[in-house]
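Visitor: See target-v5.tsv below, with TSV, N, CA and C atoms.
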```tsv
chain	number	residue	atom	x	y	z
I	983	SER	N	73.46	63.24	61.73
I	983	SER	CA	72.43	63.33	60.72
I	983	SER	C	71.26	64.12	61.28
I	984	LYS	N	70.72	65.02	60.47
I	984	LYS	CA	69.59	65.84	60.89
I	984	LYS	C	68.35	65.43	60.12
I	985	PHE	N	67.23	65.55	60.77
I	985	PHE	CA	65.97	65.30	60.08
I	985	PHE	C	64.93	66.23	60.65
I	986	CYS	N	63.85	66.35	59.94
I	986	CYS	CA	62.78	67.26	60.34
I	986	CYS	C	61.47	66.49	60.34
I	987	LEU	N	60.74	66.64	61.42
I	987	LEU	CA	59.42	66.03	61.51
I	987	LEU	C	58.39	67.14	61.32
I	988	VAL	N	57.54	66.97	60.35
I	988	VAL	CA	56.53	67.96	60.04
I	988	VAL	C	55.17	67.35	60.32
I	989	GLU	N	54.39	68.00	61.14
I	989	GLU	CA	53.04	67.52	61.39
I	989	GLU	C	52.13	68.03	60.29
I	990	ASN	N	51.33	67.14	59.77
I	990	ASN	CA	50.43	67.48	58.69
I	990	ASN	C	49.01	67.51	59.23
I	991	SER	N	48.39	68.67	59.18
I	991	SER	CA	47.04	68.80	59.72
I	991	SER	C	45.98	68.63	58.64
I	992	ILE	N	46.39	68.18	57.47
I	992	ILE	CA	45.44	67.98	56.37
I	992	ILE	C	44.70	66.67	56.57
I	993	THR	N	43.38	66.74	56.49
I	993	THR	CA	42.56	65.54	56.59
I	993	THR	C	42.42	64.93	55.21
I	994	PRO	N	42.82	63.67	55.04
I	994	PRO	CA	42.71	63.04	53.72
I	994	PRO	C	41.25	63.00	53.25
I	995	LYS	N	41.07	63.30	51.98
I	995	LYS	CA	39.75	63.27	51.35
I	995	LYS	C	39.85	62.46	50.07
I	996	ASN	N	38.71	62.10	49.50
I	996	ASN	CA	38.73	61.42	48.21
I	996	ASN	C	39.30	62.37	47.15
I	997	VAL	N	40.29	61.88	46.42
I	997	VAL	CA	40.97	62.70	45.41
I	997	VAL	C	40.98	61.93	44.09
I	998	ASN	N	40.54	62.58	43.04
I	998	ASN	CA	40.57	62.00	41.70
I	998	ASN	C	41.96	62.26	41.12
I	999	LEU	N	42.78	61.20	41.03
I	999	LEU	CA	44.14	61.36	40.54
I	999	LEU	C	44.18	61.79	39.08
I	1000	ASP	N	43.18	61.42	38.29
I	1000	ASP	CA	43.13	61.89	36.90
I	1000	ASP	C	43.05	63.42	36.86
I	1001	LEU	N	42.25	63.98	37.73
I	1001	LEU	CA	42.12	65.43	37.78
I	1001	LEU	C	43.42	66.07	38.25
I	1002	CYS	N	44.08	65.47	39.25
I	1002	CYS	CA	45.37	65.99	39.72
I	1002	CYS	C	46.40	65.98	38.60
I	1003	LEU	N	46.45	64.89	37.85
I	1003	LEU	CA	47.40	64.79	36.73
I	1003	LEU	C	47.08	65.82	35.66
I	1004	THR	N	45.82	65.99	35.34
I	1004	THR	CA	45.42	66.99	34.34
I	1004	THR	C	45.84	68.39	34.78
I	1005	GLN	N	45.62	68.71	36.04
I	1005	GLN	CA	46.01	70.03	36.56
I	1005	GLN	C	47.52	70.21	36.51
I	1006	ALA	N	48.27	69.16	36.84
I	1006	ALA	CA	49.73	69.23	36.78
I	1006	ALA	C	50.20	69.46	35.34
I	1007	LEU	N	49.60	68.73	34.40
I	1007	LEU	CA	49.98	68.89	32.99
I	1007	LEU	C	49.61	70.28	32.48
I	1008	ASN	N	48.49	70.82	32.92
I	1008	ASN	CA	48.10	72.18	32.53
I	1008	ASN	C	49.10	73.20	33.05
I	1009	SER	N	49.60	73.00	34.26
I	1009	SER	CA	50.60	73.90	34.83
I	1009	SER	C	51.92	73.84	34.07
I	1010	LEU	N	52.21	72.68	33.50
I	1010	LEU	CA	53.46	72.48	32.77
I	1010	LEU	C	53.30	72.65	31.26
I	1011	LYS	N	52.14	73.09	30.81
I	1011	LYS	CA	51.83	73.11	29.39
I	1011	LYS	C	52.91	73.80	28.55
I	1012	ALA	N	53.31	74.99	28.92
I	1012	ALA	CA	54.32	75.73	28.14
I	1012	ALA	C	55.65	74.98	28.12
I	1013	TYR	N	56.06	74.44	29.26
I	1013	TYR	CA	57.31	73.69	29.34
I	1013	TYR	C	57.25	72.43	28.49
I	1014	LEU	N	56.14	71.72	28.53
I	1014	LEU	CA	55.99	70.50	27.75
I	1014	LEU	C	55.98	70.80	26.25
I	1015	GLU	N	55.37	71.90	25.86
I	1015	GLU	CA	55.37	72.30	24.45
I	1015	GLU	C	56.77	72.71	24.00
I	1016	GLU	N	57.46	73.45	24.85
I	1016	GLU	CA	58.82	73.92	24.54
I	1016	GLU	C	59.79	72.75	24.35
I	1017	THR	N	59.65	71.73	25.19
I	1017	THR	CA	60.55	70.57	25.12
I	1017	THR	C	60.04	69.50	24.16
I	1018	LYS	N	58.85	69.73	23.60
I	1018	LYS	CA	58.21	68.77	22.68
I	1018	LYS	C	58.00	67.40	23.34
I	1019	ALA	N	57.72	67.44	24.63
I	1019	ALA	CA	57.49	66.21	25.39
I	1019	ALA	C	56.14	65.61	25.03
I	1020	THR	N	56.10	64.29	25.00
I	1020	THR	CA	54.86	63.55	24.79
I	1020	THR	C	54.52	62.84	26.09
I	1021	ILE	N	53.29	63.00	26.54
I	1021	ILE	CA	52.83	62.36	27.77
I	1021	ILE	C	51.80	61.30	27.39
I	1022	HIS	N	52.04	60.08	27.83
I	1022	HIS	CA	51.09	58.99	27.66
I	1022	HIS	C	50.50	58.70	29.03
I	1023	ARG	N	49.20	58.61	29.10
I	1023	ARG	CA	48.56	58.39	30.40
I	1023	ARG	C	47.47	57.35	30.32
I	1024	ARG	N	47.25	56.70	31.44
I	1024	ARG	CA	46.16	55.74	31.58
I	1024	ARG	C	45.24	56.27	32.67
I	1025	PRO	N	44.01	55.80	32.72
I	1025	PRO	CA	43.09	56.24	33.77
I	1025	PRO	C	43.66	55.93	35.17
I	1026	LEU	N	43.48	56.89	36.07
I	1026	LEU	CA	43.96	56.75	37.44
I	1026	LEU	C	42.77	56.71	38.39
I	1027	PRO	N	42.94	56.12	39.57
I	1027	PRO	CA	41.82	55.94	40.50
I	1027	PRO	C	41.55	57.16	41.38
I	1028	VAL	N	40.50	57.05	42.14
I	1028	VAL	CA	40.21	57.98	43.23
I	1028	VAL	C	40.82	57.36	44.49
I	1029	ILE	N	41.62	58.16	45.21
I	1029	ILE	CA	42.26	57.67	46.43
I	1029	ILE	C	42.04	58.68	47.56
I	1030	LYS	N	42.41	58.31	48.77
I	1030	LYS	CA	42.38	59.24	49.90
I	1030	LYS	C	43.69	60.01	49.91
I	1031	GLY	N	43.61	61.33	50.06
I	1031	GLY	CA	44.83	62.14	50.10
I	1031	GLY	C	44.49	63.61	50.07
I	1032	ASP	N	45.48	64.41	49.69
I	1032	ASP	CA	45.33	65.85	49.58
I	1032	ASP	C	45.57	66.23	48.12
I	1033	ALA	N	44.56	66.78	47.47
I	1033	ALA	CA	44.62	67.06	46.03
I	1033	ALA	C	45.76	68.00	45.68
I	1034	ALA	N	45.96	69.05	46.45
I	1034	ALA	CA	47.01	70.03	46.15
I	1034	ALA	C	48.40	69.37	46.22
I	1035	SER	N	48.62	68.56	47.23
I	1035	SER	CA	49.91	67.89	47.38
I	1035	SER	C	50.15	66.88	46.27
I	1036	LEU	N	49.12	66.14	45.90
I	1036	LEU	CA	49.26	65.14	44.85
I	1036	LEU	C	49.46	65.79	43.48
I	1037	THR	N	48.80	66.91	43.24
I	1037	THR	CA	49.00	67.65	41.99
I	1037	THR	C	50.44	68.15	41.90
I	1038	LEU	N	50.94	68.70	42.99
I	1038	LEU	CA	52.32	69.18	43.03
I	1038	LEU	C	53.30	68.02	42.85
I	1039	LEU	N	53.00	66.87	43.42
I	1039	LEU	CA	53.84	65.70	43.25
I	1039	LEU	C	53.92	65.30	41.77
I	1040	PHE	N	52.77	65.21	41.10
I	1040	PHE	CA	52.76	64.89	39.67
I	1040	PHE	C	53.56	65.93	38.88
I	1041	GLN	N	53.35	67.19	39.22
I	1041	GLN	CA	54.03	68.27	38.50
I	1041	GLN	C	55.55	68.13	38.63
I	1042	ASN	N	56.03	67.87	39.84
I	1042	ASN	CA	57.47	67.72	40.06
I	1042	ASN	C	58.03	66.48	39.39
I	1043	LEU	N	57.32	65.36	39.49
I	1043	LEU	CA	57.79	64.12	38.86
I	1043	LEU	C	57.88	64.25	37.35
I	1044	ILE	N	56.87	64.85	36.73
I	1044	ILE	CA	56.87	64.99	35.28
I	1044	ILE	C	57.93	65.99	34.82
I	1045	ALA	N	58.04	67.11	35.52
I	1045	ALA	CA	59.07	68.10	35.16
I	1045	ALA	C	60.46	67.49	35.25
I	1046	ASN	N	60.72	66.72	36.30
I	1046	ASN	CA	62.03	66.07	36.44
I	1046	ASN	C	62.23	64.99	35.38
I	1047	ALA	N	61.19	64.25	35.07
I	1047	ALA	CA	61.31	63.21	34.04
I	1047	ALA	C	61.68	63.83	32.69
I	1048	VAL	N	61.07	64.96	32.37
I	1048	VAL	CA	61.39	65.64	31.11
I	1048	VAL	C	62.80	66.22	31.18
I	1049	LYS	N	63.13	66.85	32.28
I	1049	LYS	CA	64.43	67.51	32.44
I	1049	LYS	C	65.59	66.53	32.32
I	1050	PHE	N	65.44	65.34	32.87
I	1050	PHE	CA	66.54	64.39	32.91
I	1050	PHE	C	66.44	63.30	31.83
I	1051	GLN	N	65.53	63.46	30.89
I	1051	GLN	CA	65.40	62.53	29.77
I	1051	GLN	C	66.57	62.76	28.81
I	1052	LYS	N	67.19	61.69	28.36
I	1052	LYS	CA	68.34	61.82	27.47
I	1052	LYS	C	67.94	62.03	26.02
I	1053	ASP	N	66.75	61.59	25.65
I	1053	ASP	CA	66.30	61.75	24.26
I	1053	ASP	C	65.97	63.21	23.98
I	1054	SER	N	66.10	63.58	22.73
I	1054	SER	CA	65.80	64.97	22.37
I	1054	SER	C	64.30	65.25	22.40
I	1055	LEU	N	63.49	64.21	22.23
I	1055	LEU	CA	62.04	64.35	22.32
I	1055	LEU	C	61.54	63.49	23.49
I	1056	PRO	N	61.39	64.08	24.65
I	1056	PRO	CA	61.00	63.30	25.84
I	1056	PRO	C	59.65	62.63	25.67
I	1057	GLU	N	59.57	61.41	26.17
I	1057	GLU	CA	58.33	60.63	26.14
I	1057	GLU	C	58.12	60.08	27.55
I	1058	ILE	N	57.03	60.49	28.18
I	1058	ILE	CA	56.75	60.15	29.57
I	1058	ILE	C	55.49	59.29	29.63
I	1059	PHE	N	55.55	58.21	30.40
I	1059	PHE	CA	54.42	57.30	30.56
I	1059	PHE	C	53.94	57.36	32.01
I	1060	VAL	N	52.65	57.63	32.20
I	1060	VAL	CA	52.04	57.59	33.53
I	1060	VAL	C	51.09	56.40	33.52
I	1061	THR	N	51.47	55.35	34.24
I	1061	THR	CA	50.69	54.12	34.23
I	1061	THR	C	50.32	53.73	35.65
I	1062	LEU	N	49.49	52.72	35.74
I	1062	LEU	CA	48.98	52.27	37.03
I	1062	LEU	C	49.02	50.75	37.09
I	1063	GLU	N	49.47	50.23	38.22
I	1063	GLU	CA	49.39	48.80	38.50
I	1063	GLU	C	48.75	48.63	39.87
I	1064	GLU	N	47.87	47.66	39.97
I	1064	GLU	CA	47.26	47.36	41.26
I	1064	GLU	C	48.03	46.22	41.91
I	1065	GLU	N	48.37	46.42	43.18
I	1065	GLU	CA	49.05	45.38	43.96
I	1065	GLU	C	48.28	45.22	45.26
I	1066	ALA	N	47.57	44.11	45.38
I	1066	ALA	CA	46.72	43.84	46.55
I	1066	ALA	C	45.76	45.01	46.71
I	1067	GLU	N	45.86	45.74	47.82
I	1067	GLU	CA	44.98	46.88	48.06
I	1067	GLU	C	45.66	48.21	47.77
I	1068	ASP	N	46.81	48.17	47.11
I	1068	ASP	CA	47.59	49.38	46.83
I	1068	ASP	C	47.68	49.62	45.33
I	1069	TYR	N	48.10	50.82	44.98
I	1069	TYR	CA	48.34	51.18	43.59
I	1069	TYR	C	49.81	51.60	43.44
I	1070	VAL	N	50.40	51.25	42.33
I	1070	VAL	CA	51.74	51.71	41.98
I	1070	VAL	C	51.59	52.54	40.71
I	1071	ILE	N	51.97	53.82	40.80
I	1071	ILE	CA	51.81	54.73	39.68
I	1071	ILE	C	53.18	55.12	39.16
```
In structure tokens, how does this file's structure come out?
Guide:
Amino acid sequence: SKFCLVENSITPKNVNLDLCLTQALNSLKAYLEETKATIHRRPLPVIKGDAASLTLLFQNLIANAVKFQKDSLPEIFVTLEEEAEDYVI
């Protein structure tokens, strides 16, 4: 088995996840309109991280959710649950 260790030199900063999600949705706007996808979202927190990486993560997750949705009109929910000191999105 092979694996790769990548060192990340990015210093985590406060990141507004709502802004990251908005940017991801803006990047996918044409695709979401073409597929007639509906996105439901709830307010997201500010966390420590890298905004570019988190935006790309949202973009990939949403694109895959739409791509692999079995319904003809995809409906995606972005929600948040707090667990102790962590968030589950």
Visitor: Looking at only C-alpha atoms, which of I:Ile1071, I:Ala1006, I:Lys1052, I:His1022 is the one that sits closest to I:Leu1038?
Guide: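 Distance minimum relative to I:Leu1038 lands on I:Ala1006.
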Visitor: My list of candidates is I:Lys1018, I:Lys1011, I:Lys1030, I:Lys1049. Which is closest to I:Val997 when distances are computed with only C-alpha atoms?
Guide: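 The answer is I:Lys1030, which sits nearest to I:Val997.
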Visitor: As number ranges by chain, please: all residues of stretch 989-1067 of chain I that backbone DSSP puts in alpha helix (DSSP H).
Guide: I: 999-1009, 1011-1017, 1033-1049
Visitor: As JSON, numbers by chain, list the residues of chain I assigned to strand (DSSP E or B) by DSSP on the backbone atoms of this structure.
Guide: {"I": [995, 996, 997, 998, 1020, 1021, 1022, 1023, 1028, 1029, 1030, 1031, 1057, 1058, 1059, 1060, 1063, 1064, 1065, 1068, 1069, 1070]}
Visitor: To one decimal in Å, tell me the separation between atom CA of I:Leu1001 and atom CA of I:Phe1050.
Guide: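 Answer for the atom CA of I:Leu1001 to atom CA of I:Phe1050 separation: 24.9 Å.
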Visitor: Between atom N of I:Lys995 and atom N of I:Pro1027, what is the spacing in Å?
Guide: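 Spanning atom N of I:Pro1027 to atom N of I:Lys995 is a straight-line distance of 14.5 Å.
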Visitor: Out of I:Leu1039, I:Ala1019, I:Ile1029, I:Ala1047, which residue has the shortest atom-to-atom distance to I:Asp1000 when counting only N, CA and C atoms?
Guide: I:Ile1029
Visitor: Hey, which of I:Leu1043, I:Leu1055, I:Val1048, I:Val1070 ends up closest to I:Leu1003? Count only C-alpha atoms.
Guide: I:Leu1043
Visitor: Show me, as a short mmCIF file (atom, residue, chain, number, x, y, z; two decimals) with N, CA and C atoms, in the coordinates of the input, the residues that have an atom within 10 Å of I:Ser1035 when counting only C-alpha atoms, minus same-chain residues fewer than 5 positions from it.
Guide:
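Below you can see around-v2.cif, which holds the result:
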```
data_model
loop_
_atom_site.label_atom_id
_atom_site.label_comp_id
_atom_site.auth_asym_id
_atom_site.auth_seq_id
_atom_site.Cartn_x
_atom_site.Cartn_y
_atom_site.Cartn_z
N CYS I 1002 44.08 65.47 39.25
CA CYS I 1002 45.37 65.99 39.72
C CYS I 1002 46.40 65.98 38.60
N PHE I 1040 52.77 65.21 41.10
CA PHE I 1040 52.76 64.89 39.67
C PHE I 1040 53.56 65.93 38.88
N GLN I 1041 53.35 67.19 39.22
CA GLN I 1041 54.03 68.27 38.50
C GLN I 1041 55.55 68.13 38.63
#
```
Visitor: How many Å separate atom N of I:Thr1037 from atom N of I:Asn1008?
Guide: 11.0 Å
Visitor: Quick one: of I:Phe1059, I:Leu999, I:Ser991, I:Leu1036, who's nearest to I:Ile1021, counting all atoms listed in the file?
Guide: I:Phe1059
